[in-house]
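J.: Can you keep this structure in mind? I'll have questions shortly.
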Amino acid sequence: MIAQLVVRNLFHRKLRTLISVLVVGVEVALVVVMVGLTTGMLQETAKRIEGIGADIMLQPPSSSVFLAFSSAPMPIRIRDRLRTIGGVRAVAPVLLQSSTSGGLDVVYGIEPESFRAISGGFVLHEGRELRDGYEVLVDDWYAAARKLHAGDVLRLFDHDFTVVGVVEHGKGARLFVPIRTLQQMFGAVDKASLFFIKCTRAEQTPQVMEELRTLFPRYEIRPLKDLLSMMTTSNLPGLDAFNRSMIALAVVIGFLVILLSMYTTILERTREIGVLKSLGASKAYIARIFLAESALLCAAGILVGVGFSYLTQAALTSLFPTLSVQITPAWLLRAAAIAFGAGLAGAAYPTWLASRRDPIQALAYE
Amino acid sequence: MSSQPSRWQAVEFGDRIRRLSWRGSFGRKGLEPILKTENLWKIYRSSKVEVPALQGVNFEVNPGEFVAVMGPSGCGKSTLLYVMGGLTQPTRGRVLVDGNDLATLSDAERTRLRRHKIGFVFQRFNLLPTLTARGNIAIAQHIHGNGFDPHRFAMITRMLGLTERLHHRPAELSGGEQQRVALARAVIHEPKLLLADEPTGNLDTRNSEMVLGLLRQLNRELGQTIVMITHNPEAAAYASRVVHMRDGVIVDGIPAD
């Protein structure tokens, strides 16, 4: 009977129900997409770096695992020392620069030969490999997003670069330029931001890392197979706080919307509450009606939110192909729990008010 | 010794003639009243102003009676009904419903008493607009807690002529039909006492007669005890006893037939 009353009430006030459901849906989508976007981007970056095929990454002391924050303080001649370590098959220096033209992109300055020795070479979709000068290789996602083809000009760091080839994604960055060009442009001649190291055999990685730690005691030496687990929002300063702020904002939105919706519902239905009380409905019975109504609003909002999340994911990846939005069942469940909790908390006060309404005043309410 | 005041104790309340008169007339000496008020006061307080709505009402209703309480607007009729129905507490005095003193009951206990022993009919019907006629009646059974009783439901809706209108919402029903649904809702759980507050106040003559006729039918055929508030003498004429109120007190009590 309560279910029938609740469902009919929700359908009776269609516009308010629709707005409440949509806002709860936006709340869910906000949480899911925001977290999905940050983790998706990080995980996708980690996978790309793993895809290079190196075993170890050597960085200067106190460097972040997030390469966009790297600088270039290491002399490139360190490579010569690295090559002498037993079990090291290849070493590739990389100079990193972040480009903000049309988004934040990490540009790898590479030596084509040493990078090929580590990664096994690029899979070319069109054009040719890098040689020298103001040349750039772009991966297929970046090319699709910017509608670039071999022979086009791409403006980077206030210079015109010629796109010499489009390569398969998954080799670290989306943009590759000759390391010498980048060194000259940024006054970092003979410097590198990091070294990718390939071992003769993968099993030798721990032994090589031990040796590296002895030779470069304060340097950051990371096995690339662990990179995925290190690239989390909690390891990126401020990102976790940002995510939490967005979730808190979503909770406040959900809380206020349900609070307002249920408060107006209860005002509108004051006379009904009086009638139910005159029929002998207990406080708990009346509370059940309004809590069930809020729960149903939240449940419908959560379903809509799941749909919104996937729609937003599709829209974002279609508009910005280089973006990665990772929607996981775990975060869908968390977002649902957050929306449900916020909704029920928002309904608590109006429900309490309703259950305590004086029947006489309620019956006299106009 | 019985906790209920005897007829001779009632004399002390100063309404000897009235009580002896109607008890004699209905020949129900010895019956325990289903409803009894003793020196009932209700004072509304608004900031520093006190408005006494009831000023020592003594009143009894025996099982099976149909009593009309008449009086001008503002005389305290509706307040009396609400106090008798446990919707509000008296300022002083006692209200006994089927032996339960409402003044000593908690809010939850009064709610339980309403659920099981009292039915209300209001002037403005007060149906739940989102439910059908059937839903409006069924919710009273649901609140009562004994589940849906199809036999009782069929009997009441047939008696009130609602069988063909059960799937309609209040907005699709005439005033008379809405009040009949409200009547069905009020008696579906077999309350010991039906309290009706101006049940024909919003109805035209034809529908008023129909509703009043049904109240009388419920009283005569099912033995339903009814207290009806009205200011209309024609409506009061349907009752077996009429009580007049003025300025918060009952001024007489005369048998109607």
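Letters for chains follow the order of the structure tokens (A, B, ...), residue numbers begin at 1 for each chain, and ligand numbers begin at 1 in the order shown.
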Near chain B, which residues of chain A fall within 12 Å when you count only C-alpha atoms, and what do they look like as a ChimeraX atom specification?

T.: /A:1-13,268-286,289,355-366

J.: Need the shell around A:Thr200: protein/DNA/RNA residues with any atom at most 7 Å away, counting only C-alpha atoms. Skip same-chain ones fewer than 4 positions apart. Format as a short mmCIF file (atom, residue, chain, number, x, y, z; two decimals) with C-alpha atoms, in the first residue's frame?

T.:
data_model
loop_
_atom_site.label_atom_id
_atom_site.label_comp_id
_atom_site.auth_asym_id
_atom_site.auth_seq_id
_atom_site.Cartn_x
_atom_site.Cartn_y
_atom_site.Cartn_z
CA GLY A 87 72.54 -6.94 -17.43
CA VAL A 88 71.73 -3.62 -19.16
CA ARG A 89 70.97 -4.10 -22.81
#

J.: Write out as a PyMOL selection string the set of residues from stretch 2-251 of chain B that DSSP, computed on the backbone, places in strand (DSSP E or B).

T.: chain B and resi 35-46+49-61+66-70+92-97+100-101+118-121+193-197+225-230+241-246+249-251

J.: Using DSSP on the backbone, list every residue of stretch 9-244 of chain B that comes out as helix (DSSP H, G or I), and give them as a PyMOL selection string.

T.: chain B and resi 9-11+16-26+77-84+102-104+107-117+133-144+150-159+163-165+170-172+175-187+205-222+233-236

J.: Any idea what's packed within 8 Å of A:Met262, counting only C-alpha atoms, ignoring anything in its chain fewer than 4 positions away? Could you give it as a PyMOL selection string?

T.: chain A and resi 258+266+290+294+347+350-351

J.: Out of A:Ala150, A:Leu316, A:Leu297, A:Val304, which residue has the shortest atom-to-atom distance to A:Gly165 when counting only C-alpha atoms?

T.: A:Ala150

J.: Might you pull out every residue within 9 Å of A:Phe308, with only C-alpha atoms counted and same-chain residues fewer than 5 positions away left off, and present them as a short mmCIF file (atom, residue, chain, number, x, y, z; two decimals) with N, CA and C atoms, in the first residue's frame?

T.:
data_model
loop_
_atom_site.label_atom_id
_atom_site.label_comp_id
_atom_site.auth_asym_id
_atom_site.auth_seq_id
_atom_site.Cartn_x
_atom_site.Cartn_y
_atom_site.Cartn_z
N GLY A 25 20.90 12.27 -10.68
CA GLY A 25 21.65 11.67 -11.78
C GLY A 25 22.92 12.45 -12.08
N VAL A 26 22.81 13.77 -12.08
CA VAL A 26 23.98 14.62 -12.33
C VAL A 26 25.00 14.43 -11.20
N VAL A 28 25.49 11.74 -9.40
CA VAL A 28 26.17 10.46 -9.61
C VAL A 28 27.18 10.59 -10.75
N ALA A 29 26.75 11.18 -11.85
CA ALA A 29 27.62 11.31 -13.02
C ALA A 29 28.83 12.18 -12.70
N LEU A 303 20.09 5.38 -11.34
CA LEU A 303 20.02 4.73 -12.67
C LEU A 303 20.28 5.74 -13.78
N GLN A 313 30.93 9.87 -20.88
CA GLN A 313 32.16 9.20 -21.30
C GLN A 313 32.23 9.14 -22.84
#

J.: Give me, as a list in words, all polymer residues having an atom no more than 10 Å from stretch 199-211 of chain B, counting only C-alpha atoms and skipping those fewer than 4 positions away in the same chain.

T.: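 Residues meeting the cut-off are Phe120, Val121, Phe122, Gln123, Arg124, Phe125, Leu160, Ser174, Gly175, Gly176, Glu177, Gln179, Arg180, Ala182, Leu183, Leu195, Leu215, Arg216, Gln217, Met228, Ile229, Thr230, His231, Asn232, Glu234, Ala235 and Tyr238 of chain B.
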
J.: Go ahead and write the selection's residues with C-alpha atoms as a tab-separated table (two decimals), in the first residue's frame.

T.:
chain	number	residue	atom	x	y	z
B	120	PHE	CA	-13.35	10.24	10.99
B	121	VAL	CA	-15.38	11.89	8.25
B	122	PHE	CA	-14.57	15.50	7.43
B	123	GLN	CA	-16.46	18.29	5.75
B	124	ARG	CA	-13.83	18.55	3.01
B	125	PHE	CA	-13.71	14.78	2.37
B	160	LEU	CA	-22.41	2.92	0.03
B	174	SER	CA	-18.62	14.08	-7.47
B	175	GLY	CA	-18.75	15.60	-3.99
B	176	GLY	CA	-21.31	13.07	-2.87
B	177	GLU	CA	-19.22	10.20	-4.18
B	179	GLN	CA	-17.91	11.80	0.80
B	180	ARG	CA	-19.19	8.25	0.40
B	182	ALA	CA	-14.57	9.02	2.95
B	183	LEU	CA	-17.41	7.30	4.80
B	195	LEU	CA	-16.90	11.01	14.30
B	215	LEU	CA	-25.02	7.40	8.02
B	216	ARG	CA	-28.40	6.42	9.39
B	217	GLN	CA	-28.21	3.12	7.50
B	228	MET	CA	-21.98	14.06	13.95
B	229	ILE	CA	-21.16	17.74	14.19
B	230	THR	CA	-23.54	19.94	12.22
B	231	HIS	CA	-25.12	23.35	12.24
B	232	ASN	CA	-27.91	22.18	9.95
B	234	GLU	CA	-32.21	19.06	8.74
B	235	ALA	CA	-29.01	17.06	9.02
B	238	TYR	CA	-31.29	12.13	10.94

J.: Which residues come within 9 Å of stretch 150-156 of chain B, counting only C-alpha atoms, excluding same-chain residues fewer than 3 positions away, as a list of chain:residue names?

T.: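 Final neighbour list, sorted by chain and number: B:Ile137, B:Ala138, B:Met159, B:Leu160, B:Gly161, B:Leu162, B:Thr163, B:Ala184, B:Val187, B:Ile188, B:His189, B:Glu190.
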
J.: Fewer than 3 positions away in the same chain doesn't count, so skip those; otherwise give me all residues within 8 Å of stretch 33-38 of chain A, counting only C-alpha atoms, as a PyMOL selection string.

T.: chain A and resi 29-30+41-42+233+239+243+246+309+312-313+323-328+331

J.: Could you tell me which of A:Leu259, A:Leu215, A:Phe320, A:Trp141 comes closest to A:Gly346 if we count only C-alpha atoms?

T.: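 Distance minimum relative to A:Gly346 lands on A:Leu259.
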
J.: When you count only C-alpha atoms, which of these residues is closest to A:Ser62: A:Arg218, A:Lys225, A:Arg116, A:Arg131?

T.: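 Counting only C-alpha atoms, the residue closest to A:Ser62 is A:Arg218.
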